[in-house]
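J.: Next up is a structure, given as structure tokens.
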Amino acid sequence: MQSIQKILTFKTLAPIYALALSAGLLGCGGGSTSGSTSTNILITPAGVSEYTTLSLTSLSNYAAPVLPAYYDITVADLDNTPSNNAINDKVATLGRVLFYDKRLSINDTISCSSCHQQASGFDDPRRFSVGFSGAAFTDAHAMRLGNIRYYQPGSMFWDKRAASVELQASQPIQHAIEMGFVAGVGGIPALIAKMNASAYYPDLFTFAFGDATITEARIQQALAQFERAMISVNSRWDAAYAQVFNPNANNRGLGTSLPGLTTQEDRGRQLFIAGPNNGGAGCGACHQPPTFALAANSRSNGLDVGETRIFKSPSLKNVALSKAFMHDGRFASLEEVVEHYNSGIKLGPALDNNRLAPNGMPLRLNLSADDKSALVSFMKTLTDTTLSSDPKFSDPFKK
């Protein structure tokens, strides 16, 4: 005998949703402060249960994560979450489904997670990502997603062409190589028609937003919430820094030796934090602890002579899980990245002159082999295996 979850359809659930709405139990309310949230619905809809592992009666906590003390007002001030899209457990749960759903590509082969793989720190282990055709590749390397909410002003893509996470979220769907819903095949309206015909999206949008209307703006909202929820606070560096953090100390304790790090790792920390005029490499001036997201006023890093584009970069959290680095993935190791900053910076109009060419000439750090190895060792302490394995950020699909 089939369970009630298999028997009930969206139409038969409509009265239940209507009752819940009249009681103010659905829609874009605030998130819970606990590990799971009671959503005040009676059952998980049949289509959602058939296709996913989700329980809509007990949600993961996306809205109110427990953050360390050093994620204080100085970090909150960097949060690029817009006032009209604060994270909500229901909407972020929808975002999780959207993020992993290959049906958002024209031929059901590619999802957001195809290029942003959780085990790789939401990066792609390939230099360039394969598109829906299986034969064409992107011309830029996928970016890690951890701590994207802490980059100001919040613009996305390497070249910052999208003004927000929301506006970025639907561009890959409409890309001719990535997911294929281009204007010639109907664009976003064609995708929405496909989603409306699915067994689960009408229910999920009703659950998240209070009605079943699917729009590009709602897709953007949900994906952005799920991605902004990817906060990294569980690396070895975090555990060590939590023991020395002092909001009243010089540089908030970032210059203090960290317990639990090896001598080499702590030497790397020192080089990372201290500026070139103080015996360091100055990495932290751009990749700012504790989020290791890029400073808002950073410019390009001198990869090519005469570069005119001002690039951004992702947070360095989980950087050691990546296998390709820079906007075009040209470097295959952290050692190559360090060597670029040590000896390879090139002049150009977009270069961050204040940090990388302070005297009008490209910075040359002249690091020893030991110091270069120490920097790599330190960056490996930023690996957050919790984020890269947390079930609430994993694929929810059964089929």
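All residue names refer to the structure tokens as shown: chains lettered A, B, ... in order, residues numbered from 1 in each chain, ligands numbered from 1 in order.
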Neighbours of Glu336 (chain A) within 12 Å (only C-alpha atoms; same-chain residues fewer than 2 positions away dropped), as a list in words?
T.: Leu303, Lys323, Ala324, Phe325, Met326, Gly329, Arg330, Phe331, Ala332, Ser333, Leu334, Val338, Glu339, His340, Tyr341, Asn342, Ser343, Gly344, Lys372, Ser373, Leu375 and Val376 of chain A
J.: Hey, can you spit out that residue selection with N, CA and C atoms as an mmCIF file, in the first residue's frame?
T.:
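Saved to part26.cif:
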data_model
loop_
_atom_site.group_PDB
_atom_site.id
_atom_site.type_symbol
_atom_site.label_atom_id
_atom_site.label_comp_id
_atom_site.auth_asym_id
_atom_site.auth_seq_id
_atom_site.Cartn_x
_atom_site.Cartn_y
_atom_site.Cartn_z
ATOM 1 N N LEU A 303 48.908 39.270 -13.466
ATOM 2 C CA LEU A 303 49.173 38.016 -14.167
ATOM 3 C C LEU A 303 49.753 38.257 -15.559
ATOM 4 N N LYS A 323 42.421 22.603 -7.609
ATOM 5 C CA LYS A 323 43.480 22.033 -8.443
ATOM 6 C C LYS A 323 43.876 22.962 -9.588
ATOM 7 N N ALA A 324 43.187 24.079 -9.707
ATOM 8 C CA ALA A 324 43.520 25.092 -10.701
ATOM 9 C C ALA A 324 43.274 26.454 -10.072
ATOM 10 N N PHE A 325 44.115 27.430 -10.418
ATOM 11 C CA PHE A 325 44.098 28.715 -9.720
ATOM 12 C C PHE A 325 44.182 29.867 -10.718
ATOM 13 N N MET A 326 43.618 30.990 -10.336
ATOM 14 C CA MET A 326 43.478 32.212 -11.113
ATOM 15 C C MET A 326 42.267 32.102 -12.049
ATOM 16 N N GLY A 329 42.673 29.514 -14.551
ATOM 17 C CA GLY A 329 43.188 28.241 -14.071
ATOM 18 C C GLY A 329 44.595 27.921 -14.525
ATOM 19 N N ARG A 330 45.383 28.942 -14.808
ATOM 20 C CA ARG A 330 46.702 28.709 -15.415
ATOM 21 C C ARG A 330 47.699 28.033 -14.485
ATOM 22 N N PHE A 331 47.497 28.187 -13.183
ATOM 23 C CA PHE A 331 48.412 27.552 -12.234
ATOM 24 C C PHE A 331 47.788 26.267 -11.702
ATOM 25 N N ALA A 332 48.597 25.243 -11.580
ATOM 26 C CA ALA A 332 48.111 23.934 -11.168
ATOM 27 C C ALA A 332 48.468 23.592 -9.732
ATOM 28 N N SER A 333 49.108 24.510 -9.012
ATOM 29 C CA SER A 333 49.501 24.235 -7.628
ATOM 30 C C SER A 333 49.616 25.535 -6.853
ATOM 31 N N LEU A 334 49.505 25.420 -5.529
ATOM 32 C CA LEU A 334 49.723 26.588 -4.675
ATOM 33 C C LEU A 334 51.163 27.059 -4.760
ATOM 34 N N VAL A 338 52.261 30.967 -5.254
ATOM 35 C CA VAL A 338 53.212 31.691 -4.407
ATOM 36 C C VAL A 338 54.350 32.255 -5.254
ATOM 37 N N GLU A 339 54.838 31.475 -6.209
ATOM 38 C CA GLU A 339 55.940 31.950 -7.036
ATOM 39 C C GLU A 339 55.528 33.147 -7.888
ATOM 40 N N HIS A 340 54.277 33.183 -8.307
ATOM 41 C CA HIS A 340 53.815 34.363 -9.041
ATOM 42 C C HIS A 340 53.983 35.627 -8.202
ATOM 43 N N TYR A 341 53.510 35.566 -6.954
ATOM 44 C CA TYR A 341 53.618 36.749 -6.102
ATOM 45 C C TYR A 341 55.056 37.022 -5.681
ATOM 46 N N ASN A 342 55.858 35.998 -5.669
ATOM 47 C CA ASN A 342 57.266 36.165 -5.297
ATOM 48 C C ASN A 342 58.067 36.829 -6.403
ATOM 49 N N SER A 343 57.813 36.430 -7.661
ATOM 50 C CA SER A 343 58.711 36.896 -8.721
ATOM 51 C C SER A 343 58.036 37.213 -10.046
ATOM 52 N N GLY A 344 56.699 37.016 -10.143
ATOM 53 C CA GLY A 344 56.085 37.083 -11.463
ATOM 54 C C GLY A 344 55.115 38.211 -11.716
ATOM 55 N N LYS A 372 58.615 29.999 1.019
ATOM 56 C CA LYS A 372 57.562 29.681 0.050
ATOM 57 C C LYS A 372 56.808 28.419 0.479
ATOM 58 N N SER A 373 57.535 27.435 0.951
ATOM 59 C CA SER A 373 56.885 26.207 1.442
ATOM 60 C C SER A 373 56.032 26.494 2.666
ATOM 61 N N LEU A 375 54.415 29.289 3.335
ATOM 62 C CA LEU A 375 53.171 29.926 2.907
ATOM 63 C C LEU A 375 52.169 28.890 2.400
ATOM 64 N N VAL A 376 52.650 27.935 1.639
ATOM 65 C CA VAL A 376 51.766 26.873 1.148
ATOM 66 C C VAL A 376 51.217 26.068 2.317
#
J.: List every residue of region 113-331 of chain A that DSSP, applied to the backbone of this structure, places in helix (DSSP H, G or I), and write the result as number ranges by chain.
T.: A: 113-115, 118-120, 148-150, 165-169, 172-174, 183-185, 187-196, 201-209, 216-228, 236-241, 250-253, 263-273, 276-278, 283-285, 319-321
J.: Hey, which of A:Ile177, A:Ala169, A:Ala296, A:Val91 ends up closest to Asp77 (chain A)? Count only C-alpha atoms.
T.: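 That would be A:Ala296, the residue with the smallest distance to Asp77 (chain A).
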J.: Write out as a CSV table (one decimal) with N, CA and C atoms, in the first residue's frame each polymer residue whose atoms come within 12 Å of Glu178 (chain A), counting only C-alpha atoms; drop sequence neighbours fewer than 4 positions from it.
T.:
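Generated output (around09.csv):
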chain,number,residue,atom,x,y,z
A,102,LYS,N,20.1,19.0,-12.3
A,102,LYS,CA,20.5,19.0,-13.7
A,102,LYS,C,19.4,19.4,-14.7
A,104,LEU,N,17.9,21.9,-14.7
A,104,LEU,CA,18.0,23.3,-15.0
A,104,LEU,C,18.8,23.6,-16.2
A,105,SER,N,19.4,22.6,-16.8
A,105,SER,CA,20.1,22.7,-18.1
A,105,SER,C,19.2,22.2,-19.2
A,106,ILE,N,19.5,22.6,-20.4
A,106,ILE,CA,18.6,22.3,-21.5
A,106,ILE,C,18.4,20.9,-21.8
A,107,ASN,N,19.4,20.0,-21.5
A,107,ASN,CA,19.3,18.6,-21.8
A,107,ASN,C,19.5,17.7,-20.5
A,108,ASP,N,19.3,18.3,-19.3
A,108,ASP,CA,19.3,17.6,-18.1
A,108,ASP,C,20.7,16.9,-17.8
A,109,THR,N,21.7,17.6,-18.1
A,109,THR,CA,23.1,17.1,-17.9
A,109,THR,C,24.0,17.8,-16.9
A,110,ILE,N,23.7,19.1,-16.7
A,110,ILE,CA,24.5,20.0,-16.0
A,110,ILE,C,23.8,20.8,-14.9
A,111,SER,N,24.3,20.8,-13.7
A,111,SER,CA,23.7,21.7,-12.6
A,111,SER,C,24.8,22.6,-12.2
A,112,CYS,N,24.4,23.5,-11.3
A,112,CYS,CA,25.4,24.5,-10.7
A,112,CYS,C,26.5,23.6,-10.0
A,113,SER,N,26.1,22.5,-9.4
A,113,SER,CA,27.1,21.7,-8.6
A,113,SER,C,28.0,21.0,-9.6
A,114,SER,N,27.7,20.9,-10.8
A,114,SER,CA,28.7,20.2,-11.8
A,114,SER,C,30.0,21.0,-11.8
A,115,CYS,N,29.9,22.3,-11.7
A,115,CYS,CA,31.1,23.1,-11.8
A,115,CYS,C,31.6,23.6,-10.4
A,128,PHE,N,38.9,24.1,-16.8
A,128,PHE,CA,37.7,24.7,-17.4
A,128,PHE,C,36.6,23.6,-17.2
A,129,SER,N,35.4,24.2,-17.0
A,129,SER,CA,34.2,23.3,-16.8
A,129,SER,C,33.6,22.9,-18.1
A,130,VAL,N,33.1,21.7,-18.2
A,130,VAL,CA,32.4,21.2,-19.4
A,130,VAL,C,31.0,21.6,-19.3
A,131,GLY,N,30.5,22.0,-20.5
A,131,GLY,CA,29.1,22.5,-20.6
A,131,GLY,C,28.1,21.4,-20.9
A,132,PHE,N,26.9,21.8,-21.2
A,132,PHE,CA,25.8,20.8,-21.3
A,132,PHE,C,26.0,19.9,-22.5
A,133,SER,N,26.7,20.3,-23.5
A,133,SER,CA,26.9,19.5,-24.7
A,133,SER,C,27.9,18.4,-24.5
A,134,GLY,N,28.8,18.5,-23.5
A,134,GLY,CA,29.8,17.5,-23.2
A,134,GLY,C,31.0,17.7,-24.1
A,135,ALA,N,31.0,18.7,-25.0
A,135,ALA,CA,32.1,18.9,-25.9
A,135,ALA,C,32.7,20.2,-25.8
A,136,ALA,N,32.0,21.2,-25.2
A,136,ALA,CA,32.5,22.6,-25.1
A,136,ALA,C,32.8,22.9,-23.7
A,137,PHE,N,33.8,23.8,-23.5
A,137,PHE,CA,34.3,24.1,-22.2
A,137,PHE,C,34.1,25.6,-21.9
A,138,THR,N,34.0,26.0,-20.7
A,138,THR,CA,34.0,27.4,-20.3
A,138,THR,C,35.4,28.0,-20.6
A,139,ASP,N,35.5,29.3,-20.6
A,139,ASP,CA,36.8,30.0,-20.8
A,139,ASP,C,37.3,30.6,-19.5
A,140,ALA,N,36.7,30.3,-18.4
A,140,ALA,CA,37.1,30.7,-17.1
A,140,ALA,C,37.0,29.6,-16.1
A,142,ALA,N,36.0,27.8,-12.6
A,142,ALA,CA,35.0,28.0,-11.7
A,142,ALA,C,35.5,28.5,-10.4
A,170,SER,N,21.5,33.3,-12.1
A,170,SER,CA,20.8,32.7,-13.3
A,170,SER,C,21.5,32.9,-14.6
A,171,GLN,N,22.7,33.5,-14.6
A,171,GLN,CA,23.5,33.7,-15.8
A,171,GLN,C,24.0,32.4,-16.4
A,172,PRO,N,24.5,31.5,-15.6
A,172,PRO,CA,25.0,30.2,-16.1
A,172,PRO,C,23.9,29.4,-16.8
A,173,ILE,N,22.7,29.5,-16.3
A,173,ILE,CA,21.5,28.8,-16.8
A,173,ILE,C,21.3,29.3,-18.3
A,174,GLN,N,21.5,30.6,-18.5
A,174,GLN,CA,21.2,31.1,-19.9
A,174,GLN,C,22.5,31.2,-20.8
A,182,VAL,N,19.3,29.4,-23.7
A,182,VAL,CA,19.6,30.7,-24.4
A,182,VAL,C,18.2,31.2,-25.0
J.: So, with only C-alpha atoms as the atoms that count, which of A:Ser83, A:Asn301, A:Ser388, A:Thr206 lies closest to Pro349 (chain A)?
T.: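 With only C-alpha atoms as the atom set, the closest residue is A:Asn301.
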J.: Show which residues sit within 10 Å of Lys399 (chain A), as number ranges by chain. Count only C-alpha atoms, and ignore same-chain residues fewer than 3 positions away.
T.: A: 50-53, 101, 396
J.: Now that the selection is made, can you save its residues with N, CA and C atoms as an mmCIF file, in the first residue's frame?
T.:
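Saved result, out17.cif, follows:
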data_model
loop_
_atom_site.group_PDB
_atom_site.id
_atom_site.type_symbol
_atom_site.label_atom_id
_atom_site.label_comp_id
_atom_site.auth_asym_id
_atom_site.auth_seq_id
_atom_site.Cartn_x
_atom_site.Cartn_y
_atom_site.Cartn_z
ATOM 1 N N GLU A 50 9.485 11.885 -3.630
ATOM 2 C CA GLU A 50 9.850 10.935 -4.677
ATOM 3 C C GLU A 50 11.217 11.251 -5.271
ATOM 4 N N TYR A 51 11.502 12.533 -5.422
ATOM 5 C CA TYR A 51 12.724 12.925 -6.133
ATOM 6 C C TYR A 51 13.874 13.317 -5.213
ATOM 7 N N THR A 52 13.600 13.678 -3.967
ATOM 8 C CA THR A 52 14.661 14.166 -3.087
ATOM 9 C C THR A 52 14.624 13.473 -1.731
ATOM 10 N N THR A 53 15.665 13.694 -0.963
ATOM 11 C CA THR A 53 15.751 13.180 0.402
ATOM 12 C C THR A 53 15.235 14.182 1.425
ATOM 13 N N ASP A 101 20.170 20.582 -9.294
ATOM 14 C CA ASP A 101 19.235 20.019 -10.259
ATOM 15 C C ASP A 101 19.752 20.140 -11.688
ATOM 16 N N PRO A 396 20.666 16.696 -2.787
ATOM 17 C CA PRO A 396 19.465 16.143 -2.161
ATOM 18 C C PRO A 396 18.671 15.197 -3.054
#
J.: Hey, what's within 6 Å of region 235-252 of chain A if we count only C-alpha atoms and toss same-chain stuff fewer than 5 positions away? As a list in words, please?
T.: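 Everything that qualifies: Leu258, Pro259, Thr381, Leu382, Thr383 and Asp384 of chain A.
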J.: Quick one: residues within 10 Å of region 223-230 of chain A, only C-alpha atoms, excluding same-chain residues fewer than 3 positions away - as a CSV table (one decimal) with C-alpha atoms, in the first residue's frame?
T.:
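Below is the file that was written, part37.csv:
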chain,number,residue,atom,x,y,z
A,61,ASN,CA,19.6,25.5,9.7
A,62,TYR,CA,20.9,27.9,7.1
A,63,ALA,CA,19.6,31.2,8.5
A,64,ALA,CA,21.2,31.2,12.0
A,65,PRO,CA,24.6,29.3,12.0
A,79,ASP,CA,28.1,40.9,4.5
A,80,ASN,CA,26.7,41.6,1.0
A,81,THR,CA,23.3,40.1,1.7
A,85,ASN,CA,16.9,38.6,0.6
A,86,ALA,CA,17.9,37.7,4.1
A,87,ILE,CA,18.6,33.9,4.5
A,88,ASN,CA,15.5,31.9,5.3
A,89,ASP,CA,15.6,28.1,5.9
A,90,LYS,CA,12.7,27.5,3.5
A,91,VAL,CA,14.1,29.5,0.6
A,92,ALA,CA,17.6,28.2,1.1
A,93,THR,CA,16.3,24.7,1.0
A,94,LEU,CA,14.8,25.4,-2.3
A,95,GLY,CA,18.1,26.9,-3.3
A,96,ARG,CA,19.8,23.6,-2.5
A,97,VAL,CA,17.5,21.8,-4.8
A,98,LEU,CA,18.0,24.3,-7.6
A,99,PHE,CA,21.8,24.2,-7.1
A,112,CYS,CA,25.4,24.5,-10.7
A,121,GLY,CA,35.4,23.3,-1.9
A,122,PHE,CA,32.6,24.2,-4.3
A,145,LEU,CA,31.9,29.6,-3.1
A,146,GLY,CA,32.8,29.5,0.6
A,147,ASN,CA,32.4,32.9,2.3
A,148,ILE,CA,31.1,34.6,-0.9
A,149,ARG,CA,28.8,36.7,1.3
A,150,TYR,CA,31.7,38.5,2.9
A,164,SER,CA,25.2,40.7,-6.8
A,165,VAL,CA,25.0,37.0,-6.1
A,166,GLU,CA,21.4,37.1,-7.1
A,167,LEU,CA,22.1,38.6,-10.5
A,168,GLN,CA,24.9,36.1,-11.0
A,169,ALA,CA,22.8,33.0,-10.1
A,170,SER,CA,20.8,32.7,-13.3
A,218,ARG,CA,12.7,33.8,-7.1
A,219,ILE,CA,15.2,31.4,-8.6
A,220,GLN,CA,17.9,34.0,-8.1
A,233,VAL,CA,34.5,28.6,10.2
A,387,LEU,CA,31.9,22.7,4.7
A,388,SER,CA,33.2,20.3,2.1
A,390,ASP,CA,28.2,19.0,5.4
A,392,LYS,CA,23.0,20.3,4.3
A,393,PHE,CA,25.1,21.4,1.4
J.: From the options A:Leu254, A:Val185, A:Leu271, A:Ile73, which residue's atoms come nearest to Asp370 (chain A), counting only C-alpha atoms?
T.: A:Leu271
J.: In Å to one decimal, how far is CA of Leu59 (chain A) from CA of Gly210 (chain A)?
T.: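 Distance between the two atoms: 16.6 Å.
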J.: Name the closest residue to Ala199 (chain A) among the candidates A:Ser55, A:Thr213, A:Thr256, A:Ser49; distances are taken between atoms, counting only C-alpha atoms.
T.: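 Nearest candidate to Ala199 (chain A) out of A:Ser55, A:Thr213, A:Thr256, A:Ser49: A:Ser49.
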